[in-house]
>>> print(open('data_6.cif').read())   # mmCIF, C-alpha atoms and all ligand atoms; chains and numbers go by the auth columns
data_model
#
loop_
_atom_site.group_PDB
_atom_site.id
_atom_site.type_symbol
_atom_site.label_atom_id
_atom_site.label_comp_id
_atom_site.label_asym_id
_atom_site.label_seq_id
_atom_site.Cartn_x
_atom_site.Cartn_y
_atom_site.Cartn_z
_atom_site.B_iso_or_equiv
_atom_site.auth_seq_id
_atom_site.auth_asym_id
ATOM 1 C CA MET A 1 0.000 0.000 0.000 0.00 1 A
ATOM 2 C CA ILE A 2 1.430 3.382 -1.040 0.00 2 A
ATOM 3 C CA ALA A 3 0.694 6.119 1.506 0.00 3 A
ATOM 4 C CA THR A 4 0.562 9.024 -0.959 0.00 4 A
ATOM 5 C CA PRO A 5 0.645 9.008 -4.770 0.00 5 A
ATOM 6 C CA SER A 6 3.662 11.305 -5.004 0.00 6 A
ATOM 7 C CA PRO A 7 6.530 12.271 -2.697 0.00 7 A
ATOM 8 C CA LEU A 8 5.522 15.882 -3.350 0.00 8 A
ATOM 9 C CA LEU A 9 1.982 15.386 -2.035 0.00 9 A
ATOM 10 C CA THR A 10 0.758 15.130 1.510 0.00 10 A
ATOM 11 C CA THR A 11 -2.717 14.417 2.810 0.00 11 A
ATOM 12 C CA ALA A 12 -4.732 17.208 4.406 0.00 12 A
ATOM 13 C CA PRO A 13 -8.146 17.435 6.047 0.00 13 A
ATOM 14 C CA VAL A 14 -10.700 17.576 3.222 0.00 14 A
ATOM 15 C CA GLU A 15 -12.075 20.963 4.293 0.00 15 A
ATOM 16 C CA ARG A 16 -8.598 22.490 4.161 0.00 16 A
ATOM 17 C CA PHE A 17 -8.332 22.762 0.378 0.00 17 A
ATOM 18 C CA PHE A 18 -11.647 21.407 -0.878 0.00 18 A
ATOM 19 C CA GLY A 19 -13.224 23.519 -3.610 0.00 19 A
ATOM 20 C CA TYR A 20 -10.021 25.422 -4.251 0.00 20 A
ATOM 21 C CA TYR A 21 -9.383 26.670 -7.700 0.00 21 A
ATOM 22 C CA PRO A 22 -7.943 28.414 -9.761 0.00 22 A
ATOM 23 C CA GLY A 23 -10.862 28.917 -12.081 0.00 23 A
ATOM 24 C CA THR A 24 -13.350 31.448 -13.327 0.00 24 A
ATOM 25 C CA VAL A 25 -16.284 32.390 -11.139 0.00 25 A
ATOM 26 C CA ALA A 26 -19.682 32.663 -12.818 0.00 26 A
ATOM 27 C CA VAL A 27 -22.033 35.455 -11.833 0.00 27 A
ATOM 28 C CA ILE A 28 -25.618 34.197 -11.671 0.00 28 A
ATOM 29 C CA THR A 29 -28.639 36.472 -12.050 0.00 29 A
ATOM 30 C CA SER A 30 -32.264 35.581 -11.405 0.00 30 A
ATOM 31 C CA ALA A 31 -35.667 37.270 -11.117 0.00 31 A
ATOM 32 C CA HIS A 32 -39.134 36.355 -9.906 0.00 32 A
ATOM 33 C CA GLU A 33 -42.315 38.358 -9.296 0.00 33 A
ATOM 34 C CA GLY A 34 -40.614 41.759 -9.323 0.00 34 A
ATOM 35 C CA ARG A 35 -37.551 40.708 -7.308 0.00 35 A
ATOM 36 C CA ARG A 36 -34.149 40.253 -8.908 0.00 36 A
ATOM 37 C CA ASN A 37 -30.825 39.101 -7.561 0.00 37 A
ATOM 38 C CA VAL A 38 -27.216 38.325 -8.389 0.00 38 A
ATOM 39 C CA MET A 39 -24.606 36.012 -6.777 0.00 39 A
ATOM 40 C CA SER A 40 -21.249 34.360 -7.538 0.00 40 A
ATOM 41 C CA ALA A 41 -20.773 30.657 -8.256 0.00 41 A
ATOM 42 C CA GLY A 42 -17.365 29.071 -8.566 0.00 42 A
ATOM 43 C CA TRP A 43 -18.878 25.627 -9.080 0.00 43 A
ATOM 44 C CA HIS A 44 -20.231 25.581 -12.622 0.00 44 A
ATOM 45 C CA THR A 45 -19.613 23.963 -16.005 0.00 45 A
ATOM 46 C CA ALA A 46 -20.878 23.388 -19.545 0.00 46 A
ATOM 47 C CA LEU A 47 -22.479 19.929 -19.776 0.00 47 A
ATOM 48 C CA SER A 48 -23.789 19.348 -23.282 0.00 48 A
ATOM 49 C CA LYS A 49 -23.462 20.923 -26.720 0.00 49 A
ATOM 50 C CA GLU A 50 -26.678 19.688 -28.387 0.00 50 A
ATOM 51 C CA PRO A 51 -28.766 20.848 -26.638 0.00 51 A
ATOM 52 C CA ALA A 52 -26.547 23.433 -24.964 0.00 52 A
ATOM 53 C CA LEU A 53 -26.719 22.731 -21.240 0.00 53 A
ATOM 54 C CA TYR A 54 -25.005 24.528 -18.385 0.00 54 A
ATOM 55 C CA GLY A 55 -24.818 23.401 -14.763 0.00 55 A
ATOM 56 C CA VAL A 56 -24.327 25.410 -11.595 0.00 56 A
ATOM 57 C CA ALA A 57 -24.204 24.339 -7.939 0.00 57 A
ATOM 58 C CA LEU A 58 -26.586 26.485 -5.879 0.00 58 A
ATOM 59 C CA GLY A 59 -26.579 26.184 -2.112 0.00 59 A
ATOM 60 C CA ARG A 60 -30.126 25.622 -0.926 0.00 60 A
ATOM 61 C CA THR A 61 -29.834 28.541 1.522 0.00 61 A
ATOM 62 C CA ARG A 62 -29.056 31.058 -1.247 0.00 62 A
ATOM 63 C CA TYR A 63 -31.751 33.556 -2.124 0.00 63 A
ATOM 64 C CA THR A 64 -30.755 32.869 -5.713 0.00 64 A
ATOM 65 C CA HIS A 65 -31.783 29.242 -5.220 0.00 65 A
ATOM 66 C CA ALA A 66 -35.300 30.381 -4.233 0.00 66 A
ATOM 67 C CA LEU A 67 -35.622 32.718 -7.230 0.00 67 A
ATOM 68 C CA VAL A 68 -34.201 30.214 -9.740 0.00 68 A
ATOM 69 C CA THR A 69 -36.380 27.315 -8.619 0.00 69 A
ATOM 70 C CA ALA A 70 -39.486 29.536 -8.491 0.00 70 A
ATOM 71 C CA SER A 71 -38.949 31.197 -11.887 0.00 71 A
ATOM 72 C CA GLY A 72 -37.304 28.304 -13.745 0.00 72 A
ATOM 73 C CA ALA A 73 -34.665 30.631 -15.180 0.00 73 A
ATOM 74 C CA PHE A 74 -31.199 32.040 -14.531 0.00 74 A
ATOM 75 C CA ALA A 75 -28.387 33.706 -16.415 0.00 75 A
ATOM 76 C CA VAL A 76 -24.679 32.860 -16.235 0.00 76 A
ATOM 77 C CA HIS A 77 -22.156 35.676 -16.767 0.00 77 A
ATOM 78 C CA PHE A 78 -18.404 35.993 -16.984 0.00 78 A
ATOM 79 C CA LEU A 79 -17.017 39.352 -15.936 0.00 79 A
ATOM 80 C CA PRO A 80 -13.521 40.692 -16.623 0.00 80 A
ATOM 81 C CA PHE A 81 -10.795 41.147 -14.014 0.00 81 A
ATOM 82 C CA GLU A 82 -11.671 44.833 -13.701 0.00 82 A
ATOM 83 C CA ARG A 83 -14.953 43.728 -12.076 0.00 83 A
ATOM 84 C CA ALA A 84 -13.412 41.285 -9.592 0.00 84 A
ATOM 85 C CA ASP A 85 -14.746 43.638 -6.902 0.00 85 A
ATOM 86 C CA ALA A 86 -18.299 42.850 -8.010 0.00 86 A
ATOM 87 C CA ILE A 87 -17.618 39.107 -8.406 0.00 87 A
ATOM 88 C CA ALA A 88 -16.381 38.988 -4.808 0.00 88 A
ATOM 89 C CA GLY A 89 -19.021 41.420 -3.555 0.00 89 A
ATOM 90 C CA VAL A 90 -22.157 39.680 -4.833 0.00 90 A
ATOM 91 C CA GLY A 91 -20.778 36.444 -3.379 0.00 91 A
ATOM 92 C CA SER A 92 -20.304 37.877 0.098 0.00 92 A
ATOM 93 C CA VAL A 93 -23.767 39.238 0.938 0.00 93 A
ATOM 94 C CA SER A 94 -27.281 37.924 0.359 0.00 94 A
ATOM 95 C CA GLY A 95 -30.131 39.678 -1.395 0.00 95 A
ATOM 96 C CA ARG A 96 -32.621 37.825 0.786 0.00 96 A
ATOM 97 C CA ASP A 97 -33.339 40.797 3.068 0.00 97 A
ATOM 98 C CA GLY A 98 -33.942 43.225 0.223 0.00 98 A
ATOM 99 C CA LEU A 99 -30.417 44.405 -0.553 0.00 99 A
ATOM 100 C CA ASP A 100 -30.208 45.485 -4.214 0.00 100 A
ATOM 101 C CA LYS A 101 -26.809 44.021 -5.102 0.00 101 A
ATOM 102 C CA PHE A 102 -26.990 45.473 -8.624 0.00 102 A
ATOM 103 C CA ALA A 103 -26.980 48.993 -7.152 0.00 103 A
ATOM 104 C CA ARG A 104 -24.592 48.118 -4.307 0.00 104 A
ATOM 105 C CA PHE A 105 -21.935 46.745 -6.676 0.00 105 A
ATOM 106 C CA ASP A 106 -22.608 49.073 -9.613 0.00 106 A
ATOM 107 C CA LEU A 107 -23.866 46.348 -11.968 0.00 107 A
ATOM 108 C CA ALA A 108 -25.975 47.750 -14.813 0.00 108 A
ATOM 109 C CA ALA A 109 -28.359 45.196 -16.346 0.00 109 A
ATOM 110 C CA SER A 110 -30.915 44.888 -19.140 0.00 110 A
ATOM 111 C CA ALA A 111 -33.749 42.455 -19.736 0.00 111 A
ATOM 112 C CA GLY A 112 -32.945 39.081 -21.247 0.00 112 A
ATOM 113 C CA ALA A 113 -33.679 38.370 -24.910 0.00 113 A
ATOM 114 C CA VAL A 114 -35.823 35.293 -24.198 0.00 114 A
ATOM 115 C CA LEU A 115 -36.208 34.888 -20.431 0.00 115 A
ATOM 116 C CA ASP A 116 -37.050 37.212 -17.567 0.00 116 A
ATOM 117 C CA VAL A 117 -33.486 37.390 -16.272 0.00 117 A
ATOM 118 C CA PRO A 118 -31.187 40.420 -15.887 0.00 118 A
ATOM 119 C CA ILE A 119 -28.215 40.487 -18.285 0.00 119 A
ATOM 120 C CA LEU A 120 -25.185 42.294 -16.901 0.00 120 A
ATOM 121 C CA HIS A 121 -23.625 44.952 -19.138 0.00 121 A
ATOM 122 C CA ASP A 122 -20.106 44.234 -17.875 0.00 122 A
ATOM 123 C CA ALA A 123 -20.111 40.590 -19.011 0.00 123 A
ATOM 124 C CA TYR A 124 -17.933 39.518 -21.923 0.00 124 A
ATOM 125 C CA VAL A 125 -20.203 36.498 -22.355 0.00 125 A
ATOM 126 C CA ALA A 126 -23.571 35.560 -20.837 0.00 126 A
ATOM 127 C CA TYR A 127 -26.013 32.656 -21.183 0.00 127 A
ATOM 128 C CA GLU A 128 -29.751 32.796 -20.585 0.00 128 A
ATOM 129 C CA CYS A 129 -30.759 29.411 -19.151 0.00 129 A
ATOM 130 C CA ARG A 130 -34.140 27.753 -18.722 0.00 130 A
ATOM 131 C CA VAL A 131 -34.058 25.247 -15.837 0.00 131 A
ATOM 132 C CA ARG A 132 -34.274 21.672 -17.112 0.00 132 A
ATOM 133 C CA SER A 133 -33.538 19.687 -13.988 0.00 133 A
ATOM 134 C CA VAL A 134 -32.434 20.063 -10.386 0.00 134 A
ATOM 135 C CA HIS A 135 -30.323 17.368 -8.693 0.00 135 A
ATOM 136 C CA GLU A 136 -29.629 17.174 -4.996 0.00 136 A
ATOM 137 C CA ALA A 137 -25.890 17.146 -4.258 0.00 137 A
ATOM 138 C CA GLY A 138 -25.099 17.396 -0.559 0.00 138 A
ATOM 139 C CA ASP A 139 -25.808 20.902 0.694 0.00 139 A
ATOM 140 C CA HIS A 140 -26.072 22.251 -2.866 0.00 140 A
ATOM 141 C CA ASP A 141 -28.462 21.554 -5.708 0.00 141 A
ATOM 142 C CA TRP A 142 -26.924 20.993 -9.125 0.00 142 A
ATOM 143 C CA VAL A 143 -29.156 23.068 -11.395 0.00 143 A
ATOM 144 C CA VAL A 144 -29.040 22.243 -15.100 0.00 144 A
ATOM 145 C CA GLY A 145 -30.214 24.900 -17.523 0.00 145 A
ATOM 146 C CA GLU A 146 -30.737 24.857 -21.263 0.00 146 A
ATOM 147 C CA VAL A 147 -29.006 27.819 -22.871 0.00 147 A
ATOM 148 C CA VAL A 148 -31.745 29.542 -24.877 0.00 148 A
ATOM 149 C CA ALA A 149 -29.880 32.771 -25.670 0.00 149 A
ATOM 150 C CA LEU A 150 -26.251 33.874 -25.665 0.00 150 A
ATOM 151 C CA HIS A 151 -24.831 37.389 -25.389 0.00 151 A
ATOM 152 C CA HIS A 152 -21.212 38.324 -25.991 0.00 152 A
ATOM 153 C CA ARG A 153 -18.951 41.285 -26.561 0.00 153 A
ATOM 154 C CA PRO A 154 -17.753 40.767 -30.160 0.00 154 A
ATOM 155 C CA ASP A 155 -14.696 42.972 -29.584 0.00 155 A
ATOM 156 C CA ALA A 156 -13.533 40.680 -26.762 0.00 156 A
ATOM 157 C CA PHE A 157 -13.017 37.648 -29.030 0.00 157 A
ATOM 158 C CA ASP A 158 -10.726 37.002 -31.987 0.00 158 A
ATOM 159 C CA GLU A 159 -11.841 35.558 -35.345 0.00 159 A
ATOM 160 C CA ARG A 160 -11.570 32.003 -33.921 0.00 160 A
ATOM 161 C CA ARG A 161 -13.884 32.982 -31.018 0.00 161 A
ATOM 162 C CA VAL A 162 -10.989 32.756 -28.564 0.00 162 A
ATOM 163 C CA LEU A 163 -11.066 35.370 -25.815 0.00 163 A
ATOM 164 C CA ASP A 164 -8.623 38.168 -26.697 0.00 164 A
ATOM 165 C CA ALA A 165 -6.780 38.834 -23.456 0.00 165 A
ATOM 166 C CA GLU A 166 -5.710 42.293 -24.661 0.00 166 A
ATOM 167 C CA ARG A 167 -9.378 43.327 -24.736 0.00 167 A
ATOM 168 C CA ALA A 168 -11.007 41.315 -21.976 0.00 168 A
ATOM 169 C CA ARG A 169 -8.897 39.799 -19.212 0.00 169 A
ATOM 170 C CA ALA A 170 -10.688 36.912 -17.526 0.00 170 A
ATOM 171 C CA ALA A 171 -10.773 37.046 -13.726 0.00 171 A
ATOM 172 C CA VAL A 172 -9.228 33.869 -12.338 0.00 172 A
ATOM 173 C CA PHE A 173 -10.108 33.054 -8.731 0.00 173 A
ATOM 174 C CA TYR A 174 -7.561 31.328 -6.510 0.00 174 A
ATOM 175 C CA GLY A 175 -9.649 31.121 -3.340 0.00 175 A
ATOM 176 C CA ARG A 176 -9.027 33.289 -0.246 0.00 176 A
ATOM 177 C CA SER A 177 -10.446 36.419 -1.974 0.00 177 A
ATOM 178 C CA THR A 178 -7.572 36.302 -4.475 0.00 178 A
ATOM 179 C CA PHE A 179 -8.079 37.072 -8.159 0.00 179 A
ATOM 180 C CA GLU A 180 -5.594 37.273 -11.020 0.00 180 A
ATOM 181 C CA ALA A 181 -5.950 38.847 -14.472 0.00 181 A
ATOM 182 C CA LEU A 182 -5.582 36.151 -17.114 0.00 182 A
ATOM 183 C CA GLY A 183 -3.867 37.134 -20.295 0.00 183 A
ATOM 184 C CA ALA A 184 -0.215 37.943 -19.923 0.00 184 A
ATOM 185 C CA GLY A 185 0.811 34.286 -20.151 0.00 185 A
ATOM 186 C CA GLU A 186 2.217 32.239 -22.997 0.00 186 A
ATOM 187 C CA ARG A 187 -0.313 30.636 -25.359 0.00 187 A
ATOM 188 C CA ALA A 188 0.124 27.390 -27.292 0.00 188 A
ATOM 189 C CA GLN A 189 -2.182 25.805 -29.847 0.00 189 A
ATOM 190 C CA HIS A 190 -2.238 21.998 -29.762 0.00 190 A
ATOM 191 C CA ARG A 191 -4.146 20.488 -32.633 0.00 191 A
ATOM 192 C CA ARG A 192 -6.347 17.439 -32.256 0.00 192 A
ATOM 193 C CA ILE A 193 -5.011 14.284 -33.867 0.00 193 A
ATOM 194 C CA GLY A 194 -7.231 12.575 -36.438 0.00 194 A
HETATM 195 C C1 LIG B . -15.788 33.324 -5.277 0.00 201 B
HETATM 196 C C2 LIG B . -17.097 32.789 -4.775 0.00 201 B
HETATM 197 C C3 LIG B . -17.605 31.599 -5.289 0.00 201 B
HETATM 198 C C4 LIG B . -18.822 31.093 -4.817 0.00 201 B
HETATM 199 N N1 LIG B . -19.330 29.944 -5.369 0.00 201 B
HETATM 200 C C5 LIG B . -20.562 29.517 -4.980 0.00 201 B
HETATM 201 C C6 LIG B . -21.161 28.384 -5.644 0.00 201 B
HETATM 202 O O1 LIG B . -20.620 27.794 -6.556 0.00 201 B
HETATM 203 N N2 LIG B . -22.403 28.013 -5.217 0.00 201 B
HETATM 204 C C7 LIG B . -23.067 28.652 -4.210 0.00 201 B
HETATM 205 O O2 LIG B . -24.198 28.271 -3.873 0.00 201 B
HETATM 206 N N3 LIG B . -22.515 29.721 -3.579 0.00 201 B
HETATM 207 C C8 LIG B . -21.301 30.176 -3.960 0.00 201 B
HETATM 208 N N4 LIG B . -20.753 31.273 -3.366 0.00 201 B
HETATM 209 C C9 LIG B . -21.489 31.912 -2.265 0.00 201 B
HETATM 210 C C10 LIG B . -22.649 32.787 -2.727 0.00 201 B
HETATM 211 O O3 LIG B . -22.282 33.592 -3.832 0.00 201 B
HETATM 212 C C11 LIG B . -23.066 33.677 -1.540 0.00 201 B
HETATM 213 O O4 LIG B . -23.564 32.844 -0.496 0.00 201 B
HETATM 214 C C12 LIG B . -24.067 34.743 -1.888 0.00 201 B
HETATM 215 O O5 LIG B . -24.079 35.693 -0.854 0.00 201 B
HETATM 216 C C13 LIG B . -25.470 34.206 -2.115 0.00 201 B
HETATM 217 O O6 LIG B . -26.281 35.303 -2.432 0.00 201 B
HETATM 218 P P1 LIG B . -27.869 35.258 -2.417 0.00 201 B
HETATM 219 O O7 LIG B . -28.315 34.738 -1.064 0.00 201 B
HETATM 220 O O8 LIG B . -28.244 36.708 -2.627 0.00 201 B
HETATM 221 O O9 LIG B . -28.292 34.380 -3.535 0.00 201 B
HETATM 222 C C14 LIG B . -19.542 31.782 -3.810 0.00 201 B
HETATM 223 C C15 LIG B . -19.014 32.988 -3.275 0.00 201 B
HETATM 224 C C16 LIG B . -17.811 33.483 -3.767 0.00 201 B
HETATM 225 C C17 LIG B . -17.277 34.777 -3.204 0.00 201 B
#
>>> encode(input="data_6.cif", output="structure tokens", more="lines below")
Ligand SMILES: Cc1cc2nc3c(=O)[nH]c(=O)nc-3n(C[C@H](O)[C@H](O)[C@H](O)COP(=O)(O)O)c2cc1C
Amino acid sequence: MIATPSPLLTTAPVERFFGYYPGTVAVITSAHEGRRNVMSAGWHTALSKEPALYGVALGRTRYTHALVTASGAFAVHFLPFERADAIAGVGSVSGRDGLDKFARFDLAASAGAVLDVPILHDAYVAYECRVRSVHEAGDHDWVVGEVVALHHRPDAFDERRVLDAERARAAVFYGRSTFEALGAGERAQHRRIG
């Protein structure tokens, strides 16, 4: 029996590093019966291309969870590094008691193209999602949405639809309130074989 898989690794209590990143943090908007809200979600991913499905883990105590499950809709946004303040901010306070986080964190928004969800002006890409299924996963629910509309900043992407880091620097989250601007690094293109 090998104690650890590598001499460079050591075991740690699960809660010590669990859920650490780095990775991008999605900003989730929702609305229901005249109330709207916005929060951060580091646990999210694309799931399917045809149909386009996107999944996000929503803690059942989040006000967002209540609005998303009641309305059947949410929007997923990616904001640039310059708005890391808002990404951190909307993830640190709840809208449950009436706080307007859009005003508090200076997030302008317009109506969705298809669904009743706010679309943030600062996003370089955003997906409008209609809830397809909700799966219990521990203290979170894994909410799967079908992407029914997509918004993007054309100037932020090159002709191959790759994010142009000169124009929109993704905000990479490292945990512990730490963000880094993506973009200055080396890029390599590795082609698929076959
Ligand atoms: C960087 C970051 C990532 C987060 N990721 C998640 C997540 O994936 N799922 C989740 O339910 N909460 C996540 N949170 C916590 C919620 O954003 C936070 O509880 C928020 O205040 C909920 O707002 P609401 O009650 O107005 O919906 C994250 C917070 C931060 C700062």
>>> residues_near_ligand(input="data_6.cif", ligand="ligand LIG 201 (chain B)", cutoff="6 Å", atoms="only C-alpha atoms and all ligand atoms", output="list in words")
Val25, Met39, Ser40, Ala41, Gly42, Trp43, Ala57, Leu58, Gly59, Arg62, Tyr63, Thr64, Ala88, Val90, Gly91, Ser92, Val93, Ser94, Gly95 and Arg96 of chain A
>>> write_last_selection(input="data_6.cif", atoms="C-alpha atoms", output="mmCIF file, in the coordinates of the input")
data_model
loop_
_atom_site.group_PDB
_atom_site.id
_atom_site.type_symbol
_atom_site.label_atom_id
_atom_site.label_comp_id
_atom_site.auth_asym_id
_atom_site.auth_seq_id
_atom_site.Cartn_x
_atom_site.Cartn_y
_atom_site.Cartn_z
ATOM 1 C CA VAL A 25 -16.284 32.390 -11.139
ATOM 2 C CA MET A 39 -24.606 36.012 -6.777
ATOM 3 C CA SER A 40 -21.249 34.360 -7.538
ATOM 4 C CA ALA A 41 -20.773 30.657 -8.256
ATOM 5 C CA GLY A 42 -17.365 29.071 -8.566
ATOM 6 C CA TRP A 43 -18.878 25.627 -9.080
ATOM 7 C CA ALA A 57 -24.204 24.339 -7.939
ATOM 8 C CA LEU A 58 -26.586 26.485 -5.879
ATOM 9 C CA GLY A 59 -26.579 26.184 -2.112
ATOM 10 C CA ARG A 62 -29.056 31.058 -1.247
ATOM 11 C CA TYR A 63 -31.751 33.556 -2.124
ATOM 12 C CA THR A 64 -30.755 32.869 -5.713
ATOM 13 C CA ALA A 88 -16.381 38.988 -4.808
ATOM 14 C CA VAL A 90 -22.157 39.680 -4.833
ATOM 15 C CA GLY A 91 -20.778 36.444 -3.379
ATOM 16 C CA SER A 92 -20.304 37.877 0.098
ATOM 17 C CA VAL A 93 -23.767 39.238 0.938
ATOM 18 C CA SER A 94 -27.281 37.924 0.359
ATOM 19 C CA GLY A 95 -30.131 39.678 -1.395
ATOM 20 C CA ARG A 96 -32.621 37.825 0.786
#
>>> resolve_selection(input="data_6.cif", expression="the PyMOL selection byres (((chain A and resi 168) around 12) and not hetatm)", output="mmCIF file with C-alpha atoms, in the frame of the given file")
data_model
loop_
_atom_site.group_PDB
_atom_site.id
_atom_site.type_symbol
_atom_site.label_atom_id
_atom_site.label_comp_id
_atom_site.auth_asym_id
_atom_site.auth_seq_id
_atom_site.Cartn_x
_atom_site.Cartn_y
_atom_site.Cartn_z
ATOM 1 C CA PHE A 78 -18.404 35.993 -16.984
ATOM 2 C CA LEU A 79 -17.017 39.352 -15.936
ATOM 3 C CA PRO A 80 -13.521 40.692 -16.623
ATOM 4 C CA PHE A 81 -10.795 41.147 -14.014
ATOM 5 C CA GLU A 82 -11.671 44.833 -13.701
ATOM 6 C CA ARG A 83 -14.953 43.728 -12.076
ATOM 7 C CA ASP A 122 -20.106 44.234 -17.875
ATOM 8 C CA ALA A 123 -20.111 40.590 -19.011
ATOM 9 C CA TYR A 124 -17.933 39.518 -21.923
ATOM 10 C CA VAL A 125 -20.203 36.498 -22.355
ATOM 11 C CA HIS A 152 -21.212 38.324 -25.991
ATOM 12 C CA ARG A 153 -18.951 41.285 -26.561
ATOM 13 C CA PRO A 154 -17.753 40.767 -30.160
ATOM 14 C CA ASP A 155 -14.696 42.972 -29.584
ATOM 15 C CA ALA A 156 -13.533 40.680 -26.762
ATOM 16 C CA PHE A 157 -13.017 37.648 -29.030
ATOM 17 C CA ASP A 158 -10.726 37.002 -31.987
ATOM 18 C CA VAL A 162 -10.989 32.756 -28.564
ATOM 19 C CA LEU A 163 -11.066 35.370 -25.815
ATOM 20 C CA ASP A 164 -8.623 38.168 -26.697
ATOM 21 C CA ALA A 165 -6.780 38.834 -23.456
ATOM 22 C CA GLU A 166 -5.710 42.293 -24.661
ATOM 23 C CA ARG A 167 -9.378 43.327 -24.736
ATOM 24 C CA ARG A 169 -8.897 39.799 -19.212
ATOM 25 C CA ALA A 170 -10.688 36.912 -17.526
ATOM 26 C CA ALA A 171 -10.773 37.046 -13.726
ATOM 27 C CA ALA A 181 -5.950 38.847 -14.472
ATOM 28 C CA LEU A 182 -5.582 36.151 -17.114
ATOM 29 C CA GLY A 183 -3.867 37.134 -20.295
ATOM 30 C CA ALA A 184 -0.215 37.943 -19.923
#
>>> atom_distance(input="data_6.cif", atom1="atom CA of Pro118 of chain A", atom2="atom CA of Ala103 of chain A")
12.9 Å
>>> resolve_selection(input="data_6.cif", expression="the PyMOL selection byres (((chain A and resi 145) around 9) and not hetatm)", output="VMD selection string")
chain A and resid 52 to 56 72 to 74 128 to 134 143 to 144 146 to 148
>>> write_last_selection(input="data_6.cif", atoms="C-alpha atoms", output="compact mmCIF listing (two decimals), in the frame of the given file")
# COMPACT_ATOMS: atom_id res chain seq x y z
CA ALA A 52 -26.55 23.43 -24.96
CA LEU A 53 -26.72 22.73 -21.24
CA TYR A 54 -25.00 24.53 -18.39
CA GLY A 55 -24.82 23.40 -14.76
CA VAL A 56 -24.33 25.41 -11.60
CA GLY A 72 -37.30 28.30 -13.74
CA ALA A 73 -34.66 30.63 -15.18
CA PHE A 74 -31.20 32.04 -14.53
CA GLU A 128 -29.75 32.80 -20.58
CA CYS A 129 -30.76 29.41 -19.15
CA ARG A 130 -34.14 27.75 -18.72
CA VAL A 131 -34.06 25.25 -15.84
CA ARG A 132 -34.27 21.67 -17.11
CA SER A 133 -33.54 19.69 -13.99
CA VAL A 134 -32.43 20.06 -10.39
CA VAL A 143 -29.16 23.07 -11.40
CA VAL A 144 -29.04 22.24 -15.10
CA GLU A 146 -30.74 24.86 -21.26
CA VAL A 147 -29.01 27.82 -22.87
CA VAL A 148 -31.74 29.54 -24.88
>>> closest_residue(input="data_6.cif", among="A:Leu107, A:Ala84, A:Ala46, A:Val68", to="Tyr174 of chain A", atoms="only C-alpha atoms")
A:Ala84
>>> residues_near_point(input="data_6.cif", point="(-31.8, 35.9, -23.5)", cutoff="9 Å", atoms="all atoms listed in the file", output="list in words")
Ala75, Ala111, Gly112, Ala113, Val114, Leu115, Asp116, Val117, Pro118, Ile119, Ala126, Tyr127, Glu128, Cys129, Val147, Val148, Ala149, Leu150 and His151 of chain A
>>> resolve_selection(input="data_6.cif", expression="the PyMOL selection byres (((chain A and resi 31-34) around 7) and not hetatm)", output="MDAnalysis selection string")
chainID A and resid 30 35:37 67 70:71 116:117
>>> atom_distance(input="data_6.cif", atom1="atom CA of His77 of chain A", atom2="atom CA of Ile28 of chain A")
6.3 Å
